[in-house]
Amino acid sequence: MDGALSCFTYPIDAAYILQKKKALKKLLLQRPGLIEKKVALLSGSTIGEIKPVLELFLLYHGIKPVFFEGGYHLFFEDLVFGNPELEAFTPDIIYIHTSNRNLLHWPSPTDGEEAAQALADSEMSRFEKMWQSARRFHCPVIQNNFEAPLYRLLGNRDGVLPGGRVRYINECNRRMASYAASHPDFYIQDIHYLSGLHGLERWCDESQWYLYKYTLSTSCIPYLCENLAFIMKSLFGKNHKSVVTDLDGTLWGGVIGDDGPEGIALGAESPAGMAYSAFQTYLKELSSLGVMLNVASKNEEALALEGFSRPESVLKRDDFLCFKANWEPKSQNIAAIARQLNILPESLVFVDDNPAERDIIRRELPDVAVPEVAGPESYIEALDRGGYFEVTVLSEDDKKRGEMYRQNLARQEEETAFEDYGAYLESLAMTAQIAPFSPDKLERVTQLINKTNQFNLTTRRYTAAEIAAIAGDGGYLTLAGSLTDKFGDNGLVSALIGRREEKLLVIELWIMSCRVFKRELEYAMFDELVRRCRLCGIETIEGVYYPTRKNLLVADFYATIGFDIICDTETERRFRFHIPVDYTPRCRAIRVAQEKGDGEA
C-alpha cells in the first residue's frame with residue numbers, strides 16, 4: 001500500500017483527506033483496474049464537499065465514479081416528479097443524503113400515541129412514495145436514516161413519551177429498516193449509529209447549518225463518505241472474503257512455545273485474557289457470516305495447536321481452513337493460503353500484533369489488507385470499522401462458504417492420490433443442475449456476478465433489479481449452474497447471460513466461482529447452452545473477452561471450447577462459434593440433472 005494512501009485505512013486521517021483532496025485524487029486515478037460506475041447524488045441539504053470526498057473513497061476501493069448531482073433540497077421532486085437529466089444519466093446507484101432536517105412533521109411534546117403515529121404514517125408514506133418511484137431506475141438506492149435530535153424537550157422521557165422527538169425518530173428509523181428488509185436493492189446508511197459513534201455534537205454543527213445548510217460538520221464528511229463507500233464497494237463485489245490471523249499476541253497473550261497452553265492469557269482470569277477471548281468470539285461470529293478464517297504464525301504446529309485445547313478458547317482448530325504454523329516467512333504462507341483457497345490476495349485481511357510483520361506483508365503482498373492494531377482491545381475495532389466485510393446481501397451460500405471451501409480442500413487432498421486427472425474427476429461423482437434464472441436464485445446470481453473476478457469474461461456487473469428484468473425478458477437466454485459431488489454441495493457457482501438476435505446469441509456475461517475451477521462445469525454449462533440454442537433456432541454464438549489483471553486465466557477460454565477468434569485487440573477479443581449439426585458434448589465427468597419444472601428456452 002502506498003504510504004500516501006494510508007490516510008484511507010482505519011483510523012482515517014479526516015483532516016489530511018480534506019486538505020489534500022486534489023493530490024489524493026491524482027494519485028488514486030493511477031491505480032489499475034478501476035471500474036466506472038454512475039452515481040446519482042440527491043440531497044436534502046448542501047453536498048458540495050461530500051462529492052469530492054466520496055470520490056476519493058470510491059477510487060480507493062477500485063471504483064471510478066461519474067456523478068450526477070441533483071438540485072439543492074430536490075431529492076423528493078427529482079425522483080417522484082422526474083428529472084430529464086437524471087433519467088438520461090441512467091445511474092448505477094442512487095444515494096439520497098438526508099438527515100432529520102428533512103422530516104416535515106414533528107410531534108408536539110403533548111401529543112398522545114394516536115397523534116404521534118399519524119404523523120409518522122404521513123412522514124413515512126412520503127418517503128415510501130419516493131423509494132417506489134426510484135425503482136424505475138433498476139439500481140440500488142441508499143438513503144441515510146435519521147440522527148438523534150440535538151435537544152430533548154422532555155429530557156430522558158423524550159425517548160419514552162409519544163410526543164418525544166427521540167421516540168419519533170426511533171419510530172421513523174424502525175419503519176425505514178422494515179422497508180429495507182422487505183425491498184431488495186434498498187439500503188440504509190446508518191447515520192444514527194455513525195453520529196453516535198463520533199459524537200452528536202461533533203456530527204451536527206449548528207453554525208454550518210445556518211451558514212451553509214450542511215447537515216453535518218465538514219470535519220465529519222470523510223467519516224460519512226468512508227461508511228457510504230463501504231456499502232457501495234460491497235454492492236459492486238469489492239468485499240474481502242477471509243481473515244488470516246497470527247496466534248501469539250493476537251489470538252492469545254504470551255508465546256505458546258515458551259509459556260505453554262497453561263501460561264497464555266485467555267479467558268476471564270485477566271483483563272488481557274478477556275480481550276483475547278472477545279476477539280476470538282468476534283472472529284467466530286464473522287465465520288458464521290461466511291468469512292473464512294486462516295492462520296499464518298511463526299510457530300511449531302504441534303505447540304500452536306495446544307493453544308486451542310484450552311477450555312477458554314472460543315476458536316478450535318476446525319474453525320480454520322488453512323493452518324500455517326511454521327518458520328517460513330509469513331508472506332509465503334499467506335500467498336500459499338490464497339493459492340490453496342483459489343482466491344486472490346486482495347480477498348485477504350491479515351491481523352498481527354507485530355508491526356514488523358505487518359510492514360513486511362504490506363511490502364511483499366500489497367493487495368492484502370493489513371489493519372493497524374495496537375493492544376488486543378483494539379482488534380475488533382480495527383476489523384469492524386475497517387469495513388472489510390460490509391454486509392449488503394447475506395445469502396444461504398454465504399453462510400455455508402466456510403464449509404464449501406473446507407470441502408474443496410478435501411477435494412484437493414484427494415486429487416493428489418490420482419495420477420490421471422480424468423479419473424479423479426470421475427471419482428467425485430459430480431451432478432450439476434443447470435437451468436434459467438428463477439426467482440429463488442436471483443439474489444445469489446446477482447451476488448455471484450458482482451464479486452467474481454477471475455472466471456469473468458466480460459467483467460460486467462448487474463443490480464438485482466437488472467437481473468430480475470433480464471430473467472423475465474424473452475430476448476435473453478440465461479443459465480445458472482449449481483454443482484454437488486460426494487464431498488458436498490458447492491451451491492450456485494456459475495451464471496451465463498446471452499442476448500438473442502434472431503439466429504445469433506451474444507454472450508453478455510459468463511462467470512464461474514473459483515471454487516469449481518477445472519471441474520468441467522464450464523463444459524457442462526456450454527453443452528446446456530448449445531442444447532437450448534438449438535431448441536430455439538439459434539445457429540451461432542458469439543462471445544467477447546475483456547482483459548483485466550484478474551481474469552487472465554480465461555483469456556483463451558473460448559478458443560479452448562471451439563470458438564474461432566474474429567477480433568483481437570489490446571482491449572478486447574471476440575469469438576464466434578457456429579453450432580454444428582453433430583455437436584459433441586464437451587463434458588464427460590458431470591451428470592446434468594434437469595430441475596423440476598425447468599422449462600425449455
# chains A, B, ... in the order shown; residues from 1 in each chain; ligands from 1
>>> residues_around(residues="segment 105-111 of chain A", least_positions_apart="4", cutoff="8 Å", atoms="only C-alpha atoms", output="ChimeraX atom specification")
/A:115-116,119-120,123,153-154,162-165,168
>>> write_last_selection(atoms="C-alpha atoms", output="PDB file, in the first residue's frame")
ATOM      1  CA  ALA A 115     -51.427  11.755  17.029  1.00  0.00           C
ATOM      2  CA  ALA A 116     -47.738  10.768  17.006  1.00  0.00           C
ATOM      3  CA  LEU A 119     -47.548  11.947  11.925  1.00  0.00           C
ATOM      4  CA  ALA A 120     -45.178   9.010  11.430  1.00  0.00           C
ATOM      5  CA  GLU A 123     -43.927  11.118   7.071  1.00  0.00           C
ATOM      6  CA  LEU A 153     -37.718  18.957  25.431  1.00  0.00           C
ATOM      7  CA  LEU A 154     -38.840  16.044  27.561  1.00  0.00           C
ATOM      8  CA  PRO A 162     -45.343   9.652  22.318  1.00  0.00           C
ATOM      9  CA  GLY A 163     -44.580  13.357  21.807  1.00  0.00           C
ATOM     10  CA  GLY A 164     -40.823  12.968  22.285  1.00  0.00           C
ATOM     11  CA  ARG A 165     -38.564  13.705  19.315  1.00  0.00           C
ATOM     12  CA  TYR A 168     -40.363   9.817  16.941  1.00  0.00           C
TER      13      TYR A 168
END
>>> closest_atom_pairs(of="segment 355-456 of chain A", to="segment 271-286 of chain A", cutoff="10 Å", atoms="only C-alpha atoms", output="Markdown table")
| residue | atom | partner | partner_atom | distance |
| --- | --- | --- | --- | --- |
| A:Gly375 | CA | A:Ala272 | CA | 8.7 |
| A:Pro376 | CA | A:Ala275 | CA | 5.7 |
| A:Glu377 | CA | A:Ala275 | CA | 5.4 |
| A:Ser378 | CA | A:Ala275 | CA | 8.8 |
| A:Tyr379 | CA | A:Phe279 | CA | 6.6 |
| A:Ile380 | CA | A:Phe279 | CA | 5.9 |
| A:Glu381 | CA | A:Phe279 | CA | 9.6 |
| A:Leu383 | CA | A:Tyr282 | CA | 9.6 |
| A:Asp384 | CA | A:Tyr282 | CA | 9.4 |
| A:Phe389 | CA | A:Leu286 | CA | 8.6 |
| A:Lys399 | CA | A:Leu286 | CA | 9.9 |
>>> select_by_dssp(residues="segment 182-416 of chain A", states="strand (DSSP E)", output="VMD selection string")
chain A and resid 186 to 189 242 to 245 292 to 298 323 to 326 348 to 351
>>> write_last_selection(atoms="C-alpha atoms", output="tab-separated table (two decimals), in the first residue's frame")
chain	number	residue	atom	x	y	z
A	186	PHE	CA	-32.80	-0.53	-0.99
A	187	TYR	CA	-30.10	0.06	1.63
A	188	ILE	CA	-29.79	2.24	4.71
A	189	GLN	CA	-26.71	4.18	5.65
A	242	SER	CA	-11.10	-14.09	4.58
A	243	VAL	CA	-9.14	-13.28	7.74
A	244	VAL	CA	-5.59	-14.59	8.13
A	245	THR	CA	-4.54	-14.27	11.75
A	292	MET	CA	-13.15	-17.71	6.12
A	293	LEU	CA	-10.62	-17.97	8.97
A	294	ASN	CA	-6.98	-18.99	8.42
A	295	VAL	CA	-3.75	-18.96	10.44
A	296	ALA	CA	-0.26	-17.76	9.48
A	297	SER	CA	2.02	-17.98	12.52
A	298	LYS	CA	5.73	-18.47	13.21
A	323	PHE	CA	-3.38	-23.58	9.30
A	324	LYS	CA	0.17	-22.45	8.51
A	325	ALA	CA	2.22	-22.67	11.72
A	326	ASN	CA	5.88	-22.95	10.72
A	348	LEU	CA	-7.47	-11.49	2.49
A	349	VAL	CA	-7.22	-9.39	5.67
A	350	PHE	CA	-4.13	-10.09	7.78
A	351	VAL	CA	-4.19	-9.47	11.55
>>> select_by_dssp(residues="segment 62-299 of chain A", states="helix (DSSP H, G or I)", output="ChimeraX atom specification")
/A:75-80,84-89,100-102,113-137,155-157,165-182,191-198,200-203,206-212,218-235,256-263,271-288
>>> residues_around(residues="Tyr151 of chain A", least_positions_apart="3", cutoff="12 Å", atoms="only C-alpha atoms", output="list in words")
Glu147, Ala148, Leu154, Gly155, Asn156, Asp158, Gly159, Gly164, Arg165, Val166, Leu200, Glu201, Cys204 and Glu206 of chain A
>>> write_last_selection(atoms="N, CA and C atoms", output="CSV table (one decimal), in the first residue's frame")
chain,number,residue,atom,x,y,z
A,147,GLU,N,-30.4,10.9,12.3
A,147,GLU,CA,-29.7,11.0,13.6
A,147,GLU,C,-30.6,11.5,14.7
A,148,ALA,N,-30.2,11.4,15.9
A,148,ALA,CA,-31.0,11.8,17.1
A,148,ALA,C,-31.0,13.3,17.1
A,154,LEU,N,-38.3,16.9,26.5
A,154,LEU,CA,-38.8,16.0,27.6
A,154,LEU,C,-37.7,15.4,28.4
A,155,GLY,N,-36.5,15.8,28.1
A,155,GLY,CA,-35.4,15.2,28.8
A,155,GLY,C,-35.3,13.7,28.6
A,156,ASN,N,-35.0,12.9,29.6
A,156,ASN,CA,-34.8,11.5,29.4
A,156,ASN,C,-36.1,10.8,29.1
A,158,ASP,N,-37.9,11.8,26.7
A,158,ASP,CA,-38.1,12.1,25.3
A,158,ASP,C,-38.1,10.8,24.4
A,159,GLY,N,-37.5,9.8,24.8
A,159,GLY,CA,-37.5,8.5,24.1
A,159,GLY,C,-38.6,7.6,24.6
A,164,GLY,N,-42.3,12.7,22.2
A,164,GLY,CA,-40.8,13.0,22.3
A,164,GLY,C,-40.2,12.9,20.9
A,165,ARG,N,-39.2,13.7,20.6
A,165,ARG,CA,-38.6,13.7,19.3
A,165,ARG,C,-37.6,12.5,19.2
A,166,VAL,N,-37.0,12.1,20.3
A,166,VAL,CA,-36.2,10.9,20.3
A,166,VAL,C,-37.0,9.7,19.9
A,200,LEU,N,-22.7,13.2,18.7
A,200,LEU,CA,-23.7,14.0,18.0
A,200,LEU,C,-23.4,15.5,17.9
A,201,GLU,N,-22.8,16.0,19.0
A,201,GLU,CA,-22.4,17.5,18.9
A,201,GLU,C,-21.3,17.7,17.9
A,204,CYS,N,-23.1,17.2,14.2
A,204,CYS,CA,-24.0,18.3,13.8
A,204,CYS,C,-23.5,19.6,14.3
A,206,GLU,N,-24.3,23.4,14.3
A,206,GLU,CA,-25.4,24.3,14.0
A,206,GLU,C,-25.0,25.5,13.2
>>> residues_around(residues="segment 261-267 of chain A", least_positions_apart="6", cutoff="10 Å", atoms="only C-alpha atoms", output="number ranges by chain")
A: 248-249, 251-255, 273-278, 280, 303-314
>>> atom_distance(atom1="atom CA of Leu34 of chain A", atom2="atom CA of Lys64 of chain A")
5.8 Å
>>> residues_around(residues="segment 533-547 of chain A", least_positions_apart="5", cutoff="7 Å", atoms="only C-alpha atoms", output="short mmCIF file (atom, residue, chain, number, x, y, z; two decimals) with C-alpha atoms, in the first residue's frame")
data_model
loop_
_atom_site.label_atom_id
_atom_site.label_comp_id
_atom_site.auth_asym_id
_atom_site.auth_seq_id
_atom_site.Cartn_x
_atom_site.Cartn_y
_atom_site.Cartn_z
CA LEU A 457 -15.15 -12.96 -19.36
CA THR A 458 -16.78 -9.51 -19.69
CA LYS A 503 -30.37 -16.81 -35.10
CA LEU A 504 -27.44 -15.33 -33.14
CA LEU A 505 -26.79 -15.43 -29.38
CA VAL A 506 -24.34 -12.88 -27.94
CA ILE A 507 -22.93 -13.89 -24.55
CA LEU A 552 -6.13 -13.53 -17.45
CA ALA A 555 -8.09 -15.10 -21.99
CA THR A 571 -8.86 -4.07 -25.18
CA GLU A 572 -10.99 -7.00 -26.36
CA ARG A 573 -11.02 -10.39 -28.04
CA ARG A 574 -14.16 -11.51 -29.92
CA PHE A 575 -15.03 -15.11 -30.73
CA ARG A 576 -17.65 -16.91 -32.83
CA PHE A 577 -18.98 -20.45 -32.69
CA HIS A 578 -21.18 -22.00 -35.42
CA ILE A 579 -23.24 -24.75 -33.82
CA ALA A 601 -35.68 -21.94 -23.80
#
>>> residues_around(residues="segment 423-436 of chain A", least_positions_apart="2", cutoff="6 Å", atoms="only C-alpha atoms", output="list in words")
Phe418, Asp420, Tyr421, Thr478, Leu479, Ala480, Gly481, Ser482, Leu483, Thr484, Asp485, Lys486, Ala589, Ile590, Arg591, Val592 and Ala593 of chain A
>>> write_last_selection(atoms="C-alpha atoms", output="mmCIF file, in the first residue's frame")
data_model
loop_
_atom_site.group_PDB
_atom_site.id
_atom_site.type_symbol
_atom_site.label_atom_id
_atom_site.label_comp_id
_atom_site.auth_asym_id
_atom_site.auth_seq_id
_atom_site.Cartn_x
_atom_site.Cartn_y
_atom_site.Cartn_z
ATOM 1 C CA PHE A 418 -4.655 -39.807 -8.560
ATOM 2 C CA ASP A 420 -4.925 -39.401 -14.002
ATOM 3 C CA TYR A 421 -6.916 -36.162 -13.628
ATOM 4 C CA THR A 478 -29.963 -17.278 -19.043
ATOM 5 C CA LEU A 479 -28.347 -20.197 -17.236
ATOM 6 C CA ALA A 480 -27.497 -20.705 -13.573
ATOM 7 C CA GLY A 481 -25.352 -23.684 -12.645
ATOM 8 C CA SER A 482 -25.086 -25.500 -9.302
ATOM 9 C CA LEU A 483 -22.703 -28.378 -8.578
ATOM 10 C CA THR A 484 -22.694 -31.160 -5.995
ATOM 11 C CA ASP A 485 -20.327 -34.082 -5.504
ATOM 12 C CA LYS A 486 -19.503 -36.738 -2.938
ATOM 13 C CA ALA A 589 -17.293 -36.025 -15.781
ATOM 14 C CA ILE A 590 -20.552 -34.345 -14.699
ATOM 15 C CA ARG A 591 -24.080 -35.672 -14.833
ATOM 16 C CA VAL A 592 -26.532 -32.854 -15.574
ATOM 17 C CA ALA A 593 -29.875 -33.237 -13.802
#
>>> closest_residue(among="A:Lys51, A:Glu403, A:Asp246, A:Cys514", to="Leu344 of chain A", atoms="only C-alpha atoms")
A:Cys514
>>> atom_distance(atom1="atom CA of Lys400 of chain A", atom2="atom CA of Arg519 of chain A")
20.2 Å
>>> residues_around(residues="Leu235 of chain A", least_positions_apart="6", cutoff="10 Å", atoms="only C-alpha atoms", output="JSON, numbers by chain")
{"A": [93, 140, 185, 229, 390, 391, 392, 393, 446, 447, 450, 451, 461, 462, 463, 464]}
>>> closest_residue(among="A:Leu442, A:Met124, A:Leu289, A:Ala302", to="Gly257 of chain A", atoms="only C-alpha atoms")
A:Ala302
>>> closest_residue(among="A:Pro91, A:Glu226, A:Val445, A:Ala40", to="His138 of chain A", atoms="only C-alpha atoms")
A:Pro91
>>> atom_distance(atom1="atom CA of Tyr214 of chain A", atom2="atom CA of Glu49 of chain A")
9.4 Å
>>> closest_residue(among="A:Ala180, A:Leu496, A:Asp352, A:Phe557", to="Glu508 of chain A", atoms="only C-alpha atoms")
A:Leu496
>>> decode(residues="segment 293-376 of chain A", atoms="C-alpha atoms", output="CSV table (one decimal), in the first residue's frame")
chain,number,residue,atom,x,y,z
A,293,LEU,CA,-10.6,-18.0,9.0
A,294,ASN,CA,-7.0,-19.0,8.4
A,295,VAL,CA,-3.8,-19.0,10.4
A,296,ALA,CA,-0.3,-17.8,9.5
A,297,SER,CA,2.0,-18.0,12.5
A,298,LYS,CA,5.7,-18.5,13.2
A,299,ASN,CA,5.4,-21.5,15.5
A,300,GLU,CA,5.8,-25.2,15.8
A,301,GLU,CA,2.5,-26.5,14.6
A,302,ALA,CA,2.0,-29.1,17.4
A,303,LEU,CA,2.6,-26.4,20.1
A,304,ALA,CA,0.4,-23.9,18.3
A,305,LEU,CA,-2.5,-26.4,18.3
A,306,GLU,CA,-2.2,-26.8,22.0
A,307,GLY,CA,-3.5,-23.2,22.5
A,308,PHE,CA,-6.9,-24.3,21.2
A,309,SER,CA,-7.0,-27.1,23.7
A,310,ARG,CA,-7.7,-24.6,26.5
A,311,PRO,CA,-11.4,-24.7,27.6
A,312,GLU,CA,-11.4,-20.9,27.4
A,313,SER,CA,-10.5,-20.9,23.7
A,314,VAL,CA,-13.6,-19.9,21.7
A,315,LEU,CA,-12.0,-20.9,18.5
A,316,LYS,CA,-10.9,-24.5,17.8
A,317,ARG,CA,-8.7,-25.9,15.0
A,318,ASP,CA,-11.8,-26.9,13.0
A,319,ASP,CA,-12.7,-23.2,12.7
A,320,PHE,CA,-9.7,-22.6,10.4
A,321,LEU,CA,-9.5,-23.7,6.8
A,322,CYS,CA,-5.7,-23.3,6.3
A,323,PHE,CA,-3.4,-23.6,9.3
A,324,LYS,CA,0.2,-22.4,8.5
A,325,ALA,CA,2.2,-22.7,11.7
A,326,ASN,CA,5.9,-22.9,10.7
A,327,TRP,CA,9.0,-20.9,10.4
A,328,GLU,CA,8.6,-19.8,6.8
A,329,PRO,CA,8.1,-16.1,6.1
A,330,LYS,CA,4.5,-15.1,6.7
A,331,SER,CA,4.3,-13.6,3.2
A,332,GLN,CA,5.0,-17.0,1.7
A,333,ASN,CA,2.4,-18.6,4.0
A,334,ILE,CA,-0.2,-16.0,3.2
A,335,ALA,CA,0.4,-16.4,-0.6
A,336,ALA,CA,0.1,-20.1,-0.2
A,337,ILE,CA,-3.2,-19.7,1.6
A,338,ALA,CA,-4.6,-17.6,-1.3
A,339,ARG,CA,-3.4,-20.3,-3.8
A,340,GLN,CA,-4.8,-23.1,-1.7
A,341,LEU,CA,-8.2,-21.4,-1.4
A,342,ASN,CA,-8.0,-20.3,-5.0
A,343,ILE,CA,-8.8,-16.7,-4.2
A,344,LEU,CA,-6.9,-13.5,-4.9
A,345,PRO,CA,-4.7,-12.0,-2.3
A,346,GLU,CA,-6.9,-8.9,-2.2
A,347,SER,CA,-9.6,-11.1,-0.7
A,348,LEU,CA,-7.5,-11.5,2.5
A,349,VAL,CA,-7.2,-9.4,5.7
A,350,PHE,CA,-4.1,-10.1,7.8
A,351,VAL,CA,-4.2,-9.5,11.6
A,352,ASP,CA,-0.9,-9.5,13.5
A,353,ASP,CA,0.2,-7.7,16.7
A,354,ASN,CA,3.7,-7.4,15.4
A,355,PRO,CA,4.3,-4.1,13.5
A,356,ALA,CA,7.3,-5.5,11.7
A,357,GLU,CA,5.3,-8.4,10.3
A,358,ARG,CA,2.6,-6.1,9.2
A,359,ASP,CA,5.1,-3.9,7.4
A,360,ILE,CA,6.6,-6.9,5.6
A,361,ILE,CA,3.2,-8.1,4.4
A,362,ARG,CA,2.3,-4.6,3.2
A,363,ARG,CA,5.5,-4.5,1.2
A,364,GLU,CA,5.6,-8.1,-0.1
A,365,LEU,CA,1.8,-8.6,-0.6
A,366,PRO,CA,0.4,-5.0,-1.3
A,367,ASP,CA,-3.0,-6.3,-2.3
A,368,VAL,CA,-3.6,-7.9,1.2
A,369,ALA,CA,-5.4,-5.6,3.6
A,370,VAL,CA,-3.4,-5.1,6.8
A,371,PRO,CA,-5.2,-3.1,9.5
A,372,GLU,CA,-3.2,-1.2,12.1
A,373,VAL,CA,-3.7,-2.7,15.5
A,374,ALA,CA,-2.3,-1.9,19.0
A,375,GLY,CA,-3.4,-3.9,22.1
A,376,PRO,CA,-5.9,-6.8,21.9
